[in-house]
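A quick write-up on the structure given underneath.
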Amino acid sequence: MKQSNIRNFCIIAHIDHGKSTLADRILEKTGAISKRELKQQMLDSMDIERERGITIKLNAVQLKYKYKNNMYQLNLIDTPGHVDFSYEVSRSLAACEGAILVVDAAQGVEAQTLANLYLAMDNGLEIIPVINKIDLPSADIDKVVGELENIGFDKDKIILTSAKTGEGIDKLLESIIEDIPSPKGDINKPTKALIFDSLFDAYRGVITSIRVMDGEIKVGDIIKMMETNADYDVVGLSINTPKEEKVKSLKAGEVGYLYASIKSISDVHVGDTITLESNPAKEALPGYKPMKSMVYSGLYPIDSSKFEDLREALEKLKLNDSSLVFEPETSKALGFGFRCGFLGLLHMEIIEERIEREFKIDLIATSPSVVYEVVLTDGSKETVDSPVKMPKRELISKTLEPYVKTSIFAPSEYIGPIMELCQDKRGTFINMDYLDTDRVCINYEIPLAEIVYDFFDKLKSHTKGYASFDYEFIGYKESNLVKMDILLNGEIVDALSTIVHKDFAYNRGKQIVEKLKEIIPRQMFEVPIQAAIGSHIISRTDIKALRKNVLAKCYGGDVSRKKKLLEKQKEGKKRMKQIGSVEVPQEAFLSILSTKE
Amino acid sequence: MNLNQKNKSCYIHIPFCDHICSYCDFCKMFYNSNFVDRYLLELEKEIDSLYSNEVLDTIYIGGGTPSCLSVDELEKLFRIINKLKRSKSCEYTIEGNFNSTSKEKLDLYKKYGVNRLSFGIESIDKNNLRLLDRSLDKDEVIDIINYSKSIGLDNINVDLIYAIPGEDINTLDKDIDFILSLDVKHISTYSLMIEDNTKLKINNTKYIEEDIDYSMYKHICNRLNNYNHYEISNFSTLGYESRHNLCYWKNDNYYGFGLGASSYINNIRYTNTKSLNKYLDGKYILDKEILNKEDIIEYEIILNLRLKEGIDLLYFKDKYNIELNKLYDYNNLVKGKLLVLDNNKLYIPEDKLYVSNEIIVKLLENKI
């Protein structure tokens, strides 16, 4: 295909604004799949994606579309919508020339609409604004048009669609061809192809998603990874239509999949450039800056013999999610596990869920922590991504914690509750803008640790779910932080330690011990739960001893029933972790996160 | 190992009641004389088809409410049961309530060799009785008990239910006072269980608090200290333990005839259907659990540990040809005082019987 007939584009949107449904409709319209084949939201191939309604793994699909008697190749590259995944968004943006910005006709411009828009603009993409879900009874098109105008779009350029009814899709396809520039690569230059995604296939090894920028790659070529310097024979090339189709070559401007018997996951870096061994390019494409992990958590297999399985699972996940970082760590309470770094809380939850679901490893996740900085009395500086690594108090001269700037979009009637919440979360007010007469954007500086803790849940409940929210890291600030330990039956459980602001320690300690008391079942003996800073106990409660666990009446010789009951109890115990003499359920380790006032 | 032991016990289920209690999830239905006739016919067929002529040491007629059958129906029932061979000392029990037990029926029991009676008192407190949907006339109770004793039916059990929502220790004390005044040989006590498909559950009744439940249990144990607390829920004067129930707890074989009855024959646990139609069609069995040696041993442990005397390690070795400590490591539990090892008996100490499930699970987890 001539480059002038190729369009590479992605769809960006705030979560739930209908991105995946719109993609499905485009697939159907271009005849890539029939309506009957259309499993709702075709591009989201993982179960979790379909259940949570968010796209977490990249997918590229090639479509053919006839327009004004010319055949066009449209490469639709799917992107995740959530704030945690702005790194992946930028990966797919780099493979495109244009982006469709989808806004929900009822919800209007939201926090991640803007965050994603700015990312696309930074990448120099042509942007097509689309108002979707115009079929909804609650759609307020004029209002949303006004909001889009306020952020700089031309009213006449806005396309109205309903992915549900199919309205406006033809116009959108027309605009993709007319407005998005074709790729401008040079087929005669040495080959450069960008790896923008990869996944592991049990039969074919590592499969990479690539966008050829210059030159051409053919089956049988010897390729070189410019960053890792590794060489491979190209075993196969294919495109996704969305059925896999083998092709002989991929030329400048095209998008497809490449497999080359790459066995080692570590040889493939998303963001790396592929060139040909025979005629290598001199310079690699600008790669991505690896995103910094914002949240750390310890992941431990409940069954300690599954440690190696967990390592393998993490390695496989890292293959198409290079933002995941992990290193082994040991906990006295939980044994061998991994300290894992995530882009944010959702990222963390999804990784945990994938490990449990796809790799069938039952996990204990410790309460997430941000990365603190500690200046010691001798002037040296340490970063602390786990409460366990917090230096002794007498060695610390000052502690710093990461701050973020939050943008909260909400109807103006919730200004009061939102500001109250932000103050509670140690926030500092920056400013507030009216988007229109009844919607505001409120900006606060808030410690990231508070966001990690329960900010999002609280925000939802304070605004009846009407607020949307995004944040960006702005830097470190000094803060009076202390490590708080939790003792079960008199012994410190390292996996339950947290770092808290000193002024908030007493309350937090009280909440945690109360919550643990709810979660940990009664044991054969009384178990005190204490929160302590150093040797100073700041809160205490006791789990009473188990009094009753008996099947009093066994009726008419029906003893099978009793055995079944005991078997159920035995199964229940398998999901507990034995810490000292106390049996602790999985969820206790996250209880620190979900304490409610 | 000789696990194919002879059956020495038999349970017979009479599912009819003239009244349904709010907590009852047993296999029962309202009394209807047409159905009783057909039921007894089918019961006889079931017995004929399965019974292989053993001499039985215990027979237990449970329900439902067996005493709600008419004198004629009872007589039919006893004639059917007479097909079963009874040993000289056979323990022959019938359950009943006081409302439907008459002197005439007691005489009939006596005539047919019944030698043990089991009555549900449950409580004498008005509020408790209202919640349980039961009625009780104390004078009637005393009358029936005295008459039974006078005709030589002196091996009597009464049931007591405690931990009833709203109940306190004083109420419980009055129940115990009354029961003690009857001077019976055997007392069974059960904390109220709120089971699925009962009126209590449907009404969303909540359990009494665990600590109160436990204190009531302790209180009962203290007040009944003249009785032998030989099993979690059972107290008796010496020599009057329920031999039929001991057969369950000792993991011995037993027949179970009738609707919803369970039996244990040659390493298979059977559960009969609870559907009267199917039963009357001759489709008796609902479920079969075929046990391997491992299962049988698990049952042995689970059931034996209900008993005060626990597991007799010598008997165990004799029965299974292996020592228990080669199969399960109980040393830590003994060290932790959750089990007691004394004179070749392994048992749960009396003060921990109420958390026996917890201890049994711990033991089963320690499989070698």
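Chains: A, B, ... in order of the structure tokens. Residues: from 1 per chain. Ligands: from 1, in order shown.
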Exercise. Using only C-alpha atoms, which residues sit within 12 Å of Ser264 (chain A) once same-chain residues fewer than 6 positions away are excluded, as a PyMOL selection string?
Worked result: chain A and resi 199-201+204-207+228+230+232+312+315-316+319
Problem set entry | Residue contacts of Asp329 (chain B) (8 Å, only C-alpha atoms) excluding same-chain residues fewer than 3 positions away, as an NGL selection string | :B and (325-326 or 332 or 363 or 366-368)
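Residue-level contacts from chain A to chain B at 6 Å, counting only C-alpha atoms, read Arg547, Lys548, Asn549, Val550, Ala552, Gly557, Asp558 and Lys570 of chain A.
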For this session: Give me the residues within 9 Å of region 382-399 of chain A as an MDAnalysis selection string, counting only C-alpha atoms and dropping any in the same chain fewer than 6 places off.
Result: chainID A and resid 295:298 331 339 341 368:376 477:485 494:499 534
For this session: Quick one: pick out all helix (DSSP H, G or I) residues within region 57-276 of chain B from a backbone DSSP run and write them as a ChimeraX atom specification.
Result: /B:66-68,71-81,103-111,126-132,138-150,169-182,199-202,210-223,243-249,276
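Residues within 9 Å of region 179-184 of chain A, counting only C-alpha atoms and excluding same-chain residues fewer than 4 positions away, are Gln3, Ser4, Asn5, Ile6, Arg7, Asn8, Phe9, Cys96, Glu97, Gly98, Ala99, Leu125, Glu126, Ile127, Ile128, Glu174, Ser175, Met213, Asp214, Ala252, Gly253 and Glu254 of chain A.
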Keeping only N, CA and C atoms, write those residues as a PDB file, in the first residue's frame.
ATOM      1  N   GLN A   3       2.074   4.856   0.894  1.00  0.00           N
ATOM      2  CA  GLN A   3       1.956   5.543   2.180  1.00  0.00           C
ATOM      3  C   GLN A   3       0.847   6.585   2.174  1.00  0.00           C
ATOM      4  N   SER A   4       0.629   7.198   1.027  1.00  0.00           N
ATOM      5  CA  SER A   4      -0.388   8.253   0.985  1.00  0.00           C
ATOM      6  C   SER A   4      -1.789   7.690   1.231  1.00  0.00           C
ATOM      7  N   ASN A   5      -1.937   6.355   1.152  1.00  0.00           N
ATOM      8  CA  ASN A   5      -3.248   5.752   1.414  1.00  0.00           C
ATOM      9  C   ASN A   5      -3.296   5.057   2.772  1.00  0.00           C
ATOM     10  N   ILE A   6      -2.330   5.349   3.598  1.00  0.00           N
ATOM     11  CA  ILE A   6      -2.324   4.755   4.939  1.00  0.00           C
ATOM     12  C   ILE A   6      -2.656   5.835   5.967  1.00  0.00           C
ATOM     13  N   ARG A   7      -3.467   5.461   6.945  1.00  0.00           N
ATOM     14  CA  ARG A   7      -3.721   6.376   8.076  1.00  0.00           C
ATOM     15  C   ARG A   7      -3.516   5.589   9.365  1.00  0.00           C
ATOM     16  N   ASN A   8      -2.659   6.091  10.207  1.00  0.00           N
ATOM     17  CA  ASN A   8      -2.440   5.454  11.507  1.00  0.00           C
ATOM     18  C   ASN A   8      -3.020   6.341  12.591  1.00  0.00           C
ATOM     19  N   PHE A   9      -3.946   5.790  13.356  1.00  0.00           N
ATOM     20  CA  PHE A   9      -4.601   6.643  14.351  1.00  0.00           C
ATOM     21  C   PHE A   9      -4.993   5.830  15.589  1.00  0.00           C
ATOM     22  N   CYS A  96       1.345   6.706  15.767  1.00  0.00           N
ATOM     23  CA  CYS A  96       0.228   7.284  15.006  1.00  0.00           C
ATOM     24  C   CYS A  96       0.558   8.678  14.468  1.00  0.00           C
ATOM     25  N   GLU A  97      -0.274   9.083  13.476  1.00  0.00           N
ATOM     26  CA  GLU A  97      -0.227  10.476  13.026  1.00  0.00           C
ATOM     27  C   GLU A  97      -1.448  11.254  13.518  1.00  0.00           C
ATOM     28  N   GLY A  98      -2.467  10.530  13.938  1.00  0.00           N
ATOM     29  CA  GLY A  98      -3.670  11.232  14.351  1.00  0.00           C
ATOM     30  C   GLY A  98      -4.362  10.538  15.507  1.00  0.00           C
ATOM     31  N   ALA A  99      -5.260  11.280  16.164  1.00  0.00           N
ATOM     32  CA  ALA A  99      -5.999  10.714  17.288  1.00  0.00           C
ATOM     33  C   ALA A  99      -7.436  11.194  17.244  1.00  0.00           C
ATOM     34  N   LEU A 125       0.182  15.056  17.182  1.00  0.00           N
ATOM     35  CA  LEU A 125      -0.847  14.364  16.400  1.00  0.00           C
ATOM     36  C   LEU A 125      -1.953  15.316  15.959  1.00  0.00           C
ATOM     37  N   GLU A 126      -2.536  14.991  14.813  1.00  0.00           N
ATOM     38  CA  GLU A 126      -3.746  15.676  14.362  1.00  0.00           C
ATOM     39  C   GLU A 126      -4.914  15.120  15.185  1.00  0.00           C
ATOM     40  N   ILE A 127      -5.745  16.008  15.702  1.00  0.00           N
ATOM     41  CA  ILE A 127      -6.799  15.531  16.601  1.00  0.00           C
ATOM     42  C   ILE A 127      -8.188  15.774  16.042  1.00  0.00           C
ATOM     43  N   ILE A 128      -9.000  14.724  16.018  1.00  0.00           N
ATOM     44  CA  ILE A 128     -10.389  14.843  15.557  1.00  0.00           C
ATOM     45  C   ILE A 128     -11.297  14.774  16.786  1.00  0.00           C
ATOM     46  N   GLU A 174     -14.528   9.493   7.073  1.00  0.00           N
ATOM     47  CA  GLU A 174     -14.167  10.498   6.073  1.00  0.00           C
ATOM     48  C   GLU A 174     -13.133  11.466   6.654  1.00  0.00           C
ATOM     49  N   SER A 175     -13.394  11.896   7.862  1.00  0.00           N
ATOM     50  CA  SER A 175     -12.486  12.849   8.493  1.00  0.00           C
ATOM     51  C   SER A 175     -11.114  12.223   8.770  1.00  0.00           C
ATOM     52  N   MET A 213       8.799   2.846  10.431  1.00  0.00           N
ATOM     53  CA  MET A 213       8.914   4.283  10.167  1.00  0.00           C
ATOM     54  C   MET A 213       9.572   4.516   8.801  1.00  0.00           C
ATOM     55  N   ASP A 214      10.751   3.906   8.594  1.00  0.00           N
ATOM     56  CA  ASP A 214      11.454   3.991   7.320  1.00  0.00           C
ATOM     57  C   ASP A 214      11.770   2.571   6.860  1.00  0.00           C
ATOM     58  N   ALA A 252       7.424   1.000   5.193  1.00  0.00           N
ATOM     59  CA  ALA A 252       7.340   2.285   5.889  1.00  0.00           C
ATOM     60  C   ALA A 252       5.890   2.739   5.983  1.00  0.00           C
ATOM     61  N   GLY A 253       5.474   3.162   7.180  1.00  0.00           N
ATOM     62  CA  GLY A 253       4.114   3.636   7.380  1.00  0.00           C
ATOM     63  C   GLY A 253       3.166   2.569   7.897  1.00  0.00           C
ATOM     64  N   GLU A 254       3.561   1.296   7.792  1.00  0.00           N
ATOM     65  CA  GLU A 254       2.626   0.227   8.153  1.00  0.00           C
ATOM     66  C   GLU A 254       2.809  -0.249   9.609  1.00  0.00           C
TER      67      GLU A 254
END
Which residues, written as a short mmCIF file (atom, residue, chain, number, x, y, z; two decimals) with N, CA and C atoms, in the first residue's frame, have at least one atom at most 9 Å from Asn123 (chain A), with only C-alpha atoms counted and residues fewer than 2 positions away on the same chain left out?
data_model
loop_
_atom_site.label_atom_id
_atom_site.label_comp_id
_atom_site.auth_asym_id
_atom_site.auth_seq_id
_atom_site.Cartn_x
_atom_site.Cartn_y
_atom_site.Cartn_z
N SER A 90 1.20 7.02 25.59
CA SER A 90 2.23 7.69 24.80
C SER A 90 2.94 6.70 23.88
N LEU A 93 0.68 6.45 20.96
CA LEU A 93 0.64 7.72 20.24
C LEU A 93 1.83 7.85 19.29
N ALA A 94 2.97 7.33 19.72
CA ALA A 94 4.17 7.47 18.90
C ALA A 94 4.06 6.69 17.59
N GLU A 97 -0.27 9.08 13.48
CA GLU A 97 -0.23 10.48 13.03
C GLU A 97 -1.45 11.25 13.52
N TYR A 118 -3.59 16.44 25.98
CA TYR A 118 -2.28 17.11 26.05
C TYR A 118 -1.17 16.16 25.62
N LEU A 119 -1.30 14.88 26.02
CA LEU A 119 -0.30 13.89 25.59
C LEU A 119 -0.25 13.80 24.06
N ALA A 120 -1.42 13.78 23.43
CA ALA A 120 -1.49 13.66 21.97
C ALA A 120 -0.91 14.90 21.31
N MET A 121 -1.21 16.06 21.89
CA MET A 121 -0.68 17.30 21.32
C MET A 121 0.85 17.34 21.44
N LEU A 125 0.18 15.06 17.18
CA LEU A 125 -0.85 14.36 16.40
C LEU A 125 -1.95 15.32 15.96
#
Exercise. What's the 7 Å shell around Pro66 (chain B), counting only C-alpha atoms, without same-chain residues fewer than 2 positions away, as a PyMOL selection string?
Worked result: chain B and resi 14+16+62-64+68-69+95-96
For this session: Quick one: everything within 9 Å of region 425-441 of chain A, counting only C-alpha atoms, minus sequence neighbours fewer than 2 positions away in the same chain. Send it as an MDAnalysis selection string.
Result: chainID A and resid 109 111 143 146:147 150 405 407:413 415 419:423 443:447 450:451 455
Exercise. How would you write, as number ranges by chain, the set of residues in region 62-252 of chain B that DSSP gives as strand (DSSP E or B)?
Worked result: B: 62-63, 85-96, 116-122, 156-162, 186-191, 228-231, 234-236
